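**Q** Handing over work28.pdb, PDB, C-alpha atoms and all ligand atoms.
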MODEL        1
ATOM      1  CA  MET A  19       0.000   0.000   0.000
ATOM      2  CA  THR A  20       3.044   2.209   0.372
ATOM      3  CA  ASP A  21       2.613   4.040  -2.908
ATOM      4  CA  SER A  22      -1.166   4.103  -3.063
ATOM      5  CA  ARG A  23      -1.770   7.396  -1.241
ATOM      6  CA  VAL A  24      -2.901  10.123  -3.590
ATOM      7  CA  PRO A  25      -2.409  13.781  -2.688
ATOM      8  CA  ARG A  26      -5.073  16.373  -3.527
ATOM      9  CA  ARG A  27      -4.020  19.934  -4.319
ATOM     10  CA  ARG A  28      -5.094  22.381  -1.653
ATOM     11  CA  ARG A  29      -5.506  26.100  -1.299
ATOM     12  CA  TYR A  30      -4.229  27.551   1.950
ATOM     13  CA  LEU A  31      -4.589  30.979   3.477
ATOM     14  CA  VAL A  32      -1.747  32.073   5.761
ATOM     15  CA  CYS A  33      -0.562  35.204   7.562
ATOM     16  CA  GLU A  34       3.096  36.174   7.803
ATOM     17  CA  PRO A  35       4.365  36.374  11.434
ATOM     18  CA  ARG A  36       5.609  39.947  11.033
ATOM     19  CA  HIS A  37       4.007  40.987  14.338
ATOM     20  CA  PHE A  38       4.183  37.581  16.047
ATOM     21  CA  ALA A  39       4.960  37.699  19.792
ATOM     22  CA  VAL A  40       3.751  36.312  23.094
ATOM     23  CA  GLN A  41       2.289  39.336  24.857
ATOM     24  CA  TYR A  42      -0.537  37.756  26.868
ATOM     25  CA  ALA A  43      -1.350  34.262  28.145
ATOM     26  CA  ILE A  44      -4.597  32.696  26.954
ATOM     27  CA  ASN A  45      -3.436  29.066  26.974
ATOM     28  CA  PRO A  46      -0.968  27.126  29.168
ATOM     29  CA  TRP A  47       1.805  27.296  26.535
ATOM     30  CA  MET A  48       2.057  31.079  26.598
ATOM     31  CA  HIS A  49       4.588  32.775  28.915
ATOM     32  CA  PRO A  50       4.905  36.477  28.079
ATOM     33  CA  ASP A  51       8.218  36.653  30.005
ATOM     34  CA  ALA A  52       9.920  34.085  27.746
ATOM     35  CA  PRO A  53      11.242  35.755  24.598
ATOM     36  CA  VAL A  54      10.329  34.705  21.070
ATOM     37  CA  ASP A  55      13.104  34.615  18.475
ATOM     38  CA  VAL A  56      11.406  36.702  15.794
ATOM     39  CA  ASP A  57      13.943  35.927  13.058
ATOM     40  CA  LEU A  58      13.765  32.198  13.738
ATOM     41  CA  ALA A  59       9.963  32.351  13.723
ATOM     42  CA  GLN A  60      10.063  34.074  10.325
ATOM     43  CA  ALA A  61      12.480  31.485   8.920
ATOM     44  CA  GLN A  62      10.414  28.576  10.268
ATOM     45  CA  TRP A  63       7.221  30.012   8.837
ATOM     46  CA  GLN A  64       8.865  30.596   5.433
ATOM     47  CA  ALA A  65       9.980  26.952   5.439
ATOM     48  CA  LEU A  66       6.349  25.889   5.920
ATOM     49  CA  ILE A  67       5.204  27.999   2.973
ATOM     50  CA  THR A  68       8.019  26.632   0.821
ATOM     51  CA  ALA A  69       7.054  23.073   1.785
ATOM     52  CA  TYR A  70       3.424  23.681   0.740
ATOM     53  CA  ARG A  71       4.414  25.229  -2.583
ATOM     54  CA  THR A  72       6.998  22.530  -3.298
ATOM     55  CA  HIS A  73       4.235  19.950  -2.884
ATOM     56  CA  GLY A  74       1.988  21.729  -5.371
ATOM     57  CA  HIS A  75      -0.349  23.610  -3.050
ATOM     58  CA  THR A  76      -1.580  27.165  -3.570
ATOM     59  CA  VAL A  77      -0.803  29.612  -0.782
ATOM     60  CA  ASP A  78      -2.609  32.940  -0.352
ATOM     61  CA  THR A  79      -1.667  35.500   2.269
ATOM     62  CA  VAL A  80      -3.598  37.939   4.382
ATOM     63  CA  GLU A  81      -1.784  41.123   5.433
ATOM     64  CA  PRO A  82      -0.734  40.954   9.114
ATOM     65  CA  ALA A  83      -1.969  43.762  11.356
ATOM     66  CA  PRO A  84       0.232  45.392  14.019
ATOM     67  CA  GLY A  85      -0.905  44.780  17.587
ATOM     68  CA  LEU A  86      -2.379  41.345  16.767
ATOM     69  CA  PRO A  87       0.464  38.955  17.656
ATOM     70  CA  ASP A  88      -1.663  35.795  17.222
ATOM     71  CA  MET A  89      -2.929  36.732  13.760
ATOM     72  CA  VAL A  90      -0.377  34.321  12.276
ATOM     73  CA  PHE A  91      -2.731  31.525  13.407
ATOM     74  CA  ALA A  92      -4.892  31.735  10.307
ATOM     75  CA  ALA A  93      -6.763  28.518  11.063
ATOM     76  CA  ASN A  94      -8.717  30.234  13.806
ATOM     77  CA  SER A  95     -10.266  32.845  11.530
ATOM     78  CA  ALA A  96     -12.868  30.766   9.711
ATOM     79  CA  VAL A  97     -13.928  27.406   8.369
ATOM     80  CA  VAL A  98     -14.569  27.199   4.634
ATOM     81  CA  VAL A  99     -16.434  24.327   2.987
ATOM     82  CA  GLY A 100     -17.778  24.422  -0.562
ATOM     83  CA  GLY A 101     -16.916  28.112  -0.866
ATOM     84  CA  ARG A 102     -19.049  29.031   2.160
ATOM     85  CA  VAL A 103     -17.215  30.952   4.850
ATOM     86  CA  PHE A 104     -18.200  30.619   8.495
ATOM     87  CA  GLY A 105     -16.275  33.397  10.273
ATOM     88  CA  SER A 106     -14.928  33.624  13.803
ATOM     89  CA  LEU A 107     -15.770  35.196  17.144
ATOM     90  CA  PHE A 108     -12.778  34.814  19.441
ATOM     91  CA  HIS A 109     -13.043  33.889  23.102
ATOM     92  CA  ALA A 110     -10.191  36.210  24.160
ATOM     93  CA  PRO A 111     -10.813  39.943  23.774
ATOM     94  CA  GLU A 112      -7.171  40.297  22.665
ATOM     95  CA  ARG A 113      -7.896  38.261  19.535
ATOM     96  CA  ARG A 114     -11.350  39.584  18.617
ATOM     97  CA  PRO A 115     -10.128  42.245  16.161
ATOM     98  CA  GLU A 116      -8.478  39.556  14.003
ATOM     99  CA  SER A 117     -11.868  38.487  12.603
ATOM    100  CA  THR A 118     -12.414  41.769  10.781
ATOM    101  CA  HIS A 119      -9.070  41.533   8.984
ATOM    102  CA  TYR A 120      -9.794  38.017   7.754
ATOM    103  CA  ASP A 121     -13.388  38.878   6.819
ATOM    104  CA  THR A 122     -12.041  41.749   4.726
ATOM    105  CA  TRP A 123      -9.712  39.350   2.933
ATOM    106  CA  PHE A 124     -12.525  36.875   2.228
ATOM    107  CA  LYS A 125     -14.860  39.594   0.969
ATOM    108  CA  ALA A 126     -12.171  40.985  -1.339
ATOM    109  CA  ALA A 127     -11.660  37.442  -2.643
ATOM    110  CA  GLY A 128     -15.373  37.276  -3.500
ATOM    111  CA  TYR A 129     -16.780  35.335  -0.542
ATOM    112  CA  ASP A 130     -19.685  36.191   1.752
ATOM    113  CA  VAL A 131     -18.770  35.752   5.401
ATOM    114  CA  TYR A 132     -21.193  34.486   8.031
ATOM    115  CA  ARG A 133     -20.533  36.121  11.415
ATOM    116  CA  PRO A 134     -21.244  33.701  14.291
ATOM    117  CA  GLU A 135     -23.252  34.822  17.288
ATOM    118  CA  SER A 136     -21.437  32.512  19.705
ATOM    119  CA  VAL A 137     -17.738  32.081  20.387
ATOM    120  CA  CYS A 138     -16.245  30.112  17.538
ATOM    121  CA  GLU A 139     -12.553  29.832  16.592
ATOM    122  CA  GLY A 140     -12.694  28.544  13.026
ATOM    123  CA  GLU A 141     -10.649  25.511  12.100
ATOM    124  CA  GLY A 142      -9.049  25.610  15.524
ATOM    125  CA  ASP A 143     -12.173  23.791  16.708
ATOM    126  CA  LEU A 144     -14.041  22.880  13.502
ATOM    127  CA  VAL A 145     -12.505  20.114  11.448
ATOM    128  CA  TRP A 146     -14.071  19.173   8.090
ATOM    129  CA  THR A 147     -13.581  15.504   7.322
ATOM    130  CA  GLY A 148     -15.284  15.421   3.936
ATOM    131  CA  ARG A 149     -18.465  14.109   5.549
ATOM    132  CA  TYR A 150     -18.774  15.631   9.009
ATOM    133  CA  VAL A 151     -17.688  18.714  10.830
ATOM    134  CA  LEU A 152     -15.932  17.455  13.957
ATOM    135  CA  ALA A 153     -16.444  20.254  16.454
ATOM    136  CA  GLY A 154     -14.463  20.812  19.642
ATOM    137  CA  THR A 155     -15.779  22.506  22.746
ATOM    138  CA  GLY A 156     -14.667  22.840  26.355
ATOM    139  CA  PHE A 157     -12.215  25.735  26.176
ATOM    140  CA  ARG A 158     -13.071  28.033  23.247
ATOM    141  CA  THR A 159     -15.802  27.267  20.726
ATOM    142  CA  THR A 160     -19.237  26.839  22.332
ATOM    143  CA  ARG A 161     -21.935  24.235  21.734
ATOM    144  CA  GLU A 162     -24.206  27.039  20.573
ATOM    145  CA  ALA A 163     -21.694  27.711  17.809
ATOM    146  CA  HIS A 164     -21.794  24.027  16.841
ATOM    147  CA  SER A 165     -25.536  24.408  16.166
ATOM    148  CA  GLU A 166     -24.886  27.514  14.111
ATOM    149  CA  VAL A 167     -22.278  25.618  12.090
ATOM    150  CA  GLN A 168     -24.720  22.794  11.358
ATOM    151  CA  GLU A 169     -27.450  25.217  10.294
ATOM    152  CA  PHE A 170     -25.028  27.130   8.111
ATOM    153  CA  PHE A 171     -23.413  24.233   6.247
ATOM    154  CA  GLY A 172     -26.152  21.602   6.432
ATOM    155  CA  HIS A 173     -23.490  19.005   7.187
ATOM    156  CA  PRO A 174     -23.639  16.840  10.318
ATOM    157  CA  VAL A 175     -21.738  18.376  13.206
ATOM    158  CA  ILE A 176     -20.258  15.984  15.748
ATOM    159  CA  SER A 177     -19.642  17.738  19.079
ATOM    160  CA  LEU A 178     -16.539  16.572  20.943
ATOM    161  CA  THR A 179     -15.554  17.699  24.421
ATOM    162  CA  LEU A 180     -11.920  18.586  25.110
ATOM    163  CA  VAL A 181     -10.744  18.048  28.688
ATOM    164  CA  ASP A 182      -7.023  18.889  28.845
ATOM    165  CA  PRO A 183      -6.176  22.623  28.840
ATOM    166  CA  ARG A 184      -2.898  21.959  27.004
ATOM    167  CA  PHE A 185      -5.032  20.765  24.095
ATOM    168  CA  TYR A 186      -7.479  23.634  24.168
ATOM    169  CA  HIS A 187      -8.351  23.560  20.455
ATOM    170  CA  LEU A 188      -9.555  20.482  18.595
ATOM    171  CA  ASP A 189      -6.715  20.932  16.097
ATOM    172  CA  THR A 190      -4.154  20.351  18.845
ATOM    173  CA  ALA A 191      -5.632  16.883  19.492
ATOM    174  CA  LEU A 192      -6.871  15.617  16.111
ATOM    175  CA  PHE A 193      -6.299  15.974  12.386
ATOM    176  CA  VAL A 194      -7.722  14.522   9.199
ATOM    177  CA  LEU A 195      -5.480  12.271   7.109
ATOM    178  CA  ASP A 196      -7.840  11.659   4.199
ATOM    179  CA  GLY A 197     -11.221  12.925   3.186
ATOM    180  CA  GLY A 198     -13.851  11.295   0.973
ATOM    181  CA  HIS A 199     -14.433   7.541   0.990
ATOM    182  CA  GLU A 200     -11.055   6.864   2.588
ATOM    183  CA  GLU A 201     -11.807   9.266   5.408
ATOM    184  CA  ASN A 202      -9.559   8.703   8.397
ATOM    185  CA  ILE A 203      -8.109  10.709  11.265
ATOM    186  CA  VAL A 204      -5.322  10.800  13.840
ATOM    187  CA  TYR A 205      -6.070  11.780  17.439
ATOM    188  CA  TYR A 206      -4.817  11.731  21.009
ATOM    189  CA  PRO A 207      -7.617   9.984  22.949
ATOM    190  CA  GLU A 208      -6.855  11.388  26.417
ATOM    191  CA  ALA A 209      -7.559  14.935  25.221
ATOM    192  CA  PHE A 210     -11.257  13.998  24.988
ATOM    193  CA  SER A 211     -14.013  13.216  27.463
ATOM    194  CA  PRO A 212     -14.881   9.487  27.779
ATOM    195  CA  GLY A 213     -18.056   9.884  25.724
ATOM    196  CA  SER A 214     -16.268  11.792  22.980
ATOM    197  CA  ARG A 215     -13.572   9.114  22.865
ATOM    198  CA  GLU A 216     -16.281   6.520  22.311
ATOM    199  CA  VAL A 217     -17.788   8.588  19.502
ATOM    200  CA  LEU A 218     -14.412   8.822  17.774
ATOM    201  CA  ALA A 219     -13.782   5.094  18.198
ATOM    202  CA  ARG A 220     -17.173   4.300  16.629
ATOM    203  CA  LEU A 221     -16.735   6.690  13.708
ATOM    204  CA  TYR A 222     -13.070   5.912  13.042
ATOM    205  CA  PRO A 223     -12.237   2.359  14.127
ATOM    206  CA  ASP A 224      -9.101   2.488  11.960
ATOM    207  CA  ALA A 225      -7.823   5.845  13.267
ATOM    208  CA  VAL A 226      -4.165   6.369  14.109
ATOM    209  CA  LEU A 227      -3.847   6.949  17.864
ATOM    210  CA  ALA A 228      -1.141   9.341  19.002
ATOM    211  CA  THR A 229       0.816   9.334  22.267
ATOM    212  CA  LEU A 230       1.089  12.117  24.831
ATOM    213  CA  ASP A 231       4.600  12.883  23.568
ATOM    214  CA  ASP A 232       3.279  13.242  20.019
ATOM    215  CA  ALA A 233       0.553  15.573  21.275
ATOM    216  CA  LEU A 234       2.955  17.669  23.389
ATOM    217  CA  ALA A 235       5.174  18.036  20.311
ATOM    218  CA  PHE A 236       2.141  19.437  18.410
ATOM    219  CA  GLY A 237       2.142  16.342  16.205
ATOM    220  CA  LEU A 238      -1.663  16.470  16.099
ATOM    221  CA  ASN A 239      -1.464  19.981  14.691
ATOM    222  CA  SER A 240      -0.494  18.571  11.306
ATOM    223  CA  VAL A 241      -1.742  19.153   7.771
ATOM    224  CA  SER A 242      -2.306  16.249   5.382
ATOM    225  CA  ASP A 243      -2.988  16.448   1.651
ATOM    226  CA  GLY A 244      -3.959  12.783   1.568
ATOM    227  CA  ARG A 245      -0.387  11.625   1.017
ATOM    228  CA  ASN A 246       2.089  14.146   2.403
ATOM    229  CA  VAL A 247       1.725  14.962   6.073
ATOM    230  CA  PHE A 248       3.338  18.240   7.149
ATOM    231  CA  ILE A 249       4.291  17.409  10.716
ATOM    232  CA  ALA A 250       6.461  18.580  13.620
ATOM    233  CA  PRO A 251       9.714  16.557  13.536
ATOM    234  CA  GLN A 252       9.568  16.197  17.340
ATOM    235  CA  ALA A 253       6.495  13.933  16.974
ATOM    236  CA  GLU A 254       8.729  10.956  16.339
ATOM    237  CA  ALA A 255       6.441   8.019  17.160
ATOM    238  CA  LEU A 256       3.604   9.490  15.113
ATOM    239  CA  THR A 257       5.907  10.232  12.192
ATOM    240  CA  SER A 258       6.910   6.580  11.941
ATOM    241  CA  ALA A 259       3.335   5.342  12.501
ATOM    242  CA  LEU A 260       2.248   7.453   9.523
ATOM    243  CA  ALA A 261       5.101   6.226   7.355
ATOM    244  CA  ASP A 262       4.093   2.629   8.232
ATOM    245  CA  ARG A 263       0.618   3.397   6.892
ATOM    246  CA  GLY A 264       1.946   4.638   3.576
ATOM    247  CA  TYR A 265       1.901   8.392   4.209
ATOM    248  CA  VAL A 266       4.885  10.589   3.494
ATOM    249  CA  PRO A 267       5.823  12.679   6.551
ATOM    250  CA  VAL A 268       7.215  16.102   5.646
ATOM    251  CA  PRO A 269       8.929  17.484   8.769
ATOM    252  CA  VAL A 270       8.460  21.215   9.350
ATOM    253  CA  ASP A 271       9.755  22.635  12.616
ATOM    254  CA  LEU A 272       7.638  25.498  14.017
ATOM    255  CA  SER A 273       9.128  25.369  17.522
ATOM    256  CA  GLU A 274       8.940  29.162  18.022
ATOM    257  CA  PHE A 275       5.179  29.070  17.510
ATOM    258  CA  ARG A 276       4.766  26.443  20.200
ATOM    259  CA  LYS A 277       5.565  29.264  22.654
ATOM    260  CA  ALA A 278       2.166  30.683  21.684
ATOM    261  CA  GLY A 279       0.474  27.277  21.713
ATOM    262  CA  GLY A 280       0.507  26.901  17.938
ATOM    263  CA  GLY A 281       1.905  24.717  15.196
ATOM    264  CA  ILE A 282       1.585  23.865  11.518
ATOM    265  CA  LYS A 283      -2.188  23.530  11.301
ATOM    266  CA  CYS A 284      -2.770  26.634  13.426
ATOM    267  CA  CYS A 285      -0.882  28.635  10.794
ATOM    268  CA  THR A 286      -2.927  27.179   7.945
ATOM    269  CA  GLN A 287      -6.491  27.932   6.886
ATOM    270  CA  GLU A 288      -7.794  25.663   4.126
ATOM    271  CA  ILE A 289     -10.057  27.174   1.496
ATOM    272  CA  ARG A 290     -12.282  24.531  -0.036
TER     273      ARG A 290
HETATM  274  N1  LIG B 301      -2.116  31.873  21.088
HETATM  275  C1  LIG B 301      -3.170  31.381  20.265
HETATM  276  C2  LIG B 301      -4.414  31.168  21.102
HETATM  277  O1  LIG B 301      -4.296  30.748  22.223
HETATM  278  C3  LIG B 301      -2.758  30.128  19.574
HETATM  279  C4  LIG B 301      -3.757  29.615  18.589
HETATM  280  C5  LIG B 301      -3.338  28.354  17.956
HETATM  281  N2  LIG B 301      -4.200  27.971  16.919
HETATM  282  C6  LIG B 301      -4.768  26.772  16.756
HETATM  283  N3  LIG B 301      -5.442  26.544  15.688
HETATM  284  N4  LIG B 301      -4.719  25.868  17.702
HETATM  285  O2  LIG B 301      -5.512  31.416  20.679
ENDMDL
END
Rewrite the coordinates I just gave you, this time as structure tokens.
Ligand code: ARG
**A**
Amino acid sequence: MTDSRVPRRRRYLVCEPRHFAVQYAINPWMHPDAPVDVDLAQAQWQALITAYRTHGHTVDTVEPAPGLPDMVFAANSAVVVGGRVFGSLFHAPERRPESTHYDTWFKAAGYDVYRPESVCEGEGDLVWTGRYVLAGTGFRTTREAHSEVQEFFGHPVISLTLVDPRFYHLDTALFVLDGGHEENIVYYPEAFSPGSREVLARLYPDAVLATLDDALAFGLNSVSDGRNVFIAPQAEALTSALADRGYVPVPVDLSEFRKAGGGIKCCTQEIR
């Protein structure tokens, strides 16, 4: 099966980390006293963009705004399925102004943007599998937002409860490997409530299960095109588990962004 995985070309929206910093603490990874190496962050981010382009993906950029140090985490700004854009309403007041900048980008690109009434952090908590929207709650996105998402897209929304504050967004605990009929995911079970774990086990009996070390290395914050998996090199066990299943791990080190509680997927918004 090693050579049977077929990649699908993607379109990603990203935001350059020109103003990236850790200036407040809204998750357990953030320590405003610990400095961020701005040049290293820039170089790491550029390596991610190069990796996407080298693998044939289209990358669009939104202009970063001064004073919004987390704006680099493009995934949190929206979820886009079938050209329909469900915007964001951030939990933290510090991040709320980001939504307007992304909405402006989407509108200029010809999309209508739905503004949620409840707290909702885009692909941080809403993961499109090709069939369902897996929807995290517990720390950021609310259950009310899950209902709004289902009404908006008309796709089944599966609510999942996150229980470990280190994995405060669904995309820190789970990612999609393949969509369509081969739909499969990777996740770290202990990040979820017992009932949510059971739901995932029923829906994805063949899922790849990650270890705590993989999760702490932000290995679950990966991006897959169906064949290539852009993944933190520190997630060693997961990297070899994926290779065993016929995927091609593409290591991209975003260690500076971990200081803000982010990784590869956090920096990547997929436009479908
Ligand atoms: N500092 C940001 C926050 O706490 C990090 C967001 C990471 N993004 C993600 N998709 N998990 O909101």
**Q** As a ChimeraX atom specification, please: the residues near Ala259 of chain A (cut-off 10 Å, all atoms listed in the file, same-chain neighbours under 6 positions excluded).
**A** /A:226-228,265,267
**Q** Give me the result of the PyMOL selection byres (((not hetatm)) within 9 of (chain B and resi 301)) on this file, residue by residue, as a compact mmCIF listing (two decimals) with C-alpha atoms, keeping the file's coordinate frame.
**A**
# COMPACT_ATOMS: atom_id res chain seq x y z
CA VAL A 40 3.75 36.31 23.09
CA TYR A 42 -0.54 37.76 26.87
CA ALA A 43 -1.35 34.26 28.14
CA ILE A 44 -4.60 32.70 26.95
CA ASN A 45 -3.44 29.07 26.97
CA PRO A 46 -0.97 27.13 29.17
CA TRP A 47 1.80 27.30 26.54
CA MET A 48 2.06 31.08 26.60
CA PRO A 87 0.46 38.96 17.66
CA ASP A 88 -1.66 35.80 17.22
CA MET A 89 -2.93 36.73 13.76
CA VAL A 90 -0.38 34.32 12.28
CA PHE A 91 -2.73 31.52 13.41
CA ALA A 92 -4.89 31.74 10.31
CA ALA A 93 -6.76 28.52 11.06
CA ASN A 94 -8.72 30.23 13.81
CA SER A 95 -10.27 32.84 11.53
CA PHE A 108 -12.78 34.81 19.44
CA HIS A 109 -13.04 33.89 23.10
CA ALA A 110 -10.19 36.21 24.16
CA ARG A 113 -7.90 38.26 19.54
CA GLU A 139 -12.55 29.83 16.59
CA GLY A 140 -12.69 28.54 13.03
CA GLU A 141 -10.65 25.51 12.10
CA GLY A 142 -9.05 25.61 15.52
CA ASP A 143 -12.17 23.79 16.71
CA ARG A 158 -13.07 28.03 23.25
CA PHE A 185 -5.03 20.76 24.10
CA TYR A 186 -7.48 23.63 24.17
CA HIS A 187 -8.35 23.56 20.45
CA LEU A 188 -9.56 20.48 18.60
CA ASP A 189 -6.72 20.93 16.10
CA THR A 190 -4.15 20.35 18.84
CA ASN A 239 -1.46 19.98 14.69
CA PHE A 275 5.18 29.07 17.51
CA ARG A 276 4.77 26.44 20.20
CA LYS A 277 5.56 29.26 22.65
CA ALA A 278 2.17 30.68 21.68
CA GLY A 279 0.47 27.28 21.71
CA GLY A 280 0.51 26.90 17.94
CA GLY A 281 1.90 24.72 15.20
CA ILE A 282 1.58 23.86 11.52
CA LYS A 283 -2.19 23.53 11.30
CA CYS A 284 -2.77 26.63 13.43
CA CYS A 285 -0.88 28.64 10.79
CA THR A 286 -2.93 27.18 7.94
CA GLN A 287 -6.49 27.93 6.89
**Q** Spell out the residues picked by the PyMOL selection byres (((chain A and resi 215) around 12) and not hetatm) here, as a count of residues only.
**A** 28
**Q** Considering only C-alpha atoms, state which residue in the set A:Gln252, A:Thr147, A:Gln62, A:Ser165 is at the smallest distance from Gly198 of chain A.
**A** A:Thr147
**Q** Would you pick out the contacts of Leu152 of chain A at 6 Å or less, using only C-alpha atoms, so that residues sharing its chain but fewer than 6 positions from it are not included, and give the list as a ChimeraX atom specification?
**A** /A:144-145,175-176
**Q** Counting all atoms listed in the file, figure out which residue out of A:Thr159, A:Ser258, A:Gln64, A:Thr79 gets nearest to Tyr120 of chain A.
**A**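 Using all atoms listed in the file, Tyr120 of chain A sits closest to A:Thr79.
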**Q** Identify which of the residues A:Asp224, A:Asp231, A:Glu288, A:Glu274 lies closest to Val56 of chain A, counting only C-alpha atoms when measuring atom-to-atom distances.
**A**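 Among the listed residues, the smallest separation from Val56 of chain A belongs to A:Glu274.
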**Q** Running the PyMOL selection byres (((chain A and resi 83) around 12) and not hetatm) on this model by hand, what would come out? Give it as a PDB file with C-alpha atoms, in the frame of the given file.
**A**
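Ended up saving to expr-v7.pdb:
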ATOM      1  CA  CYS A  33      -0.562  35.204   7.562  1.00  0.00           C
ATOM      2  CA  GLU A  34       3.096  36.174   7.803  1.00  0.00           C
ATOM      3  CA  PRO A  35       4.365  36.374  11.434  1.00  0.00           C
ATOM      4  CA  ARG A  36       5.609  39.947  11.033  1.00  0.00           C
ATOM      5  CA  HIS A  37       4.007  40.987  14.338  1.00  0.00           C
ATOM      6  CA  PHE A  38       4.183  37.581  16.047  1.00  0.00           C
ATOM      7  CA  VAL A  80      -3.598  37.939   4.382  1.00  0.00           C
ATOM      8  CA  GLU A  81      -1.784  41.123   5.433  1.00  0.00           C
ATOM      9  CA  PRO A  82      -0.734  40.954   9.114  1.00  0.00           C
ATOM     10  CA  PRO A  84       0.232  45.392  14.019  1.00  0.00           C
ATOM     11  CA  GLY A  85      -0.905  44.780  17.587  1.00  0.00           C
ATOM     12  CA  LEU A  86      -2.379  41.345  16.767  1.00  0.00           C
ATOM     13  CA  PRO A  87       0.464  38.955  17.656  1.00  0.00           C
ATOM     14  CA  ASP A  88      -1.663  35.795  17.222  1.00  0.00           C
ATOM     15  CA  MET A  89      -2.929  36.732  13.760  1.00  0.00           C
ATOM     16  CA  VAL A  90      -0.377  34.321  12.276  1.00  0.00           C
ATOM     17  CA  ARG A 113      -7.896  38.261  19.535  1.00  0.00           C
ATOM     18  CA  PRO A 115     -10.128  42.245  16.161  1.00  0.00           C
ATOM     19  CA  GLU A 116      -8.478  39.556  14.003  1.00  0.00           C
ATOM     20  CA  SER A 117     -11.868  38.487  12.603  1.00  0.00           C
ATOM     21  CA  THR A 118     -12.414  41.769  10.781  1.00  0.00           C
ATOM     22  CA  HIS A 119      -9.070  41.533   8.984  1.00  0.00           C
ATOM     23  CA  TYR A 120      -9.794  38.017   7.754  1.00  0.00           C
TER      24      TYR A 120
END
**Q** Would you please work out which residue, of A:Ser106, A:Asn202, A:Ser240, A:Gln168, is nearest to Leu272 of chain A when using only C-alpha atoms?
**A**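 Smallest separation from Leu272 of chain A among the options: A:Ser240.
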**Q** Neighbourhood query: residues within 12 Å of (-22.2, 25.4, 12.1), file coordinates, counting all atoms listed in the file; return as an NGL selection string.
**A** :A and (96-99 or 102-106 or 132-141 or 143-146 or 150-154 or 159-177)
**Q** Atom CA of Arg149 of chain A and atom CA of Ala255 of chain A, how far apart in Å?
**A** 28.1 Å
**Q** If you take every atom of segment 231-234 of chain A that the file lists and fit an axis-aligned box around them with 8 Å extra on each side, what centre and edge lengths come out in Å to one decimal, as JSON?
**A**
{"center_x": 2.6, "center_y": 15.3, "center_z": 21.8, "size_x": 20.0, "size_y": 20.8, "size_z": 19.5}
**Q** For the atom pair atom CA of Asn246 of chain A and atom CA of Phe124 of chain A, what is the interatomic distance in Å to one decimal place?
**A**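 Value for the atom CA of Asn246 of chain A-atom CA of Phe124 of chain A distance: 27.0 Å.
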**Q** In Å, with one decimal, what is the gap from atom CA of Leu234 of chain A to atom CA of Glu201 of chain A?
**A** 24.7 Å
**Q** Determine, counting all atoms listed in the file, which protein, DNA and RNA residues have an atom within 8 Å of an atom of segment 73-76 of chain A; residues of the same chain fewer than 4 positions away are not included. Present the result as a PyMOL selection string.
**A** chain A and resi 27-30+69
**Q** So that I can see what lies close to Arg245 of chain A, please list as a list in words the residues with an atom at most 12 Å from it, counting all atoms listed in the file and leaving out residues fewer than 2 positions away in the same chain.
**A**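 Contacts, in chain order: Met19, Thr20, Asp21, Ser22, Arg23, Val24, Pro25, Arg26, Arg27, His73, Val194, Leu195, Asp196, Gly197, Glu200, Val241, Ser242, Asp243, Val247, Phe248, Leu260, Ala261, Arg263, Gly264, Tyr265, Val266, Pro267 and Val268 of chain A.
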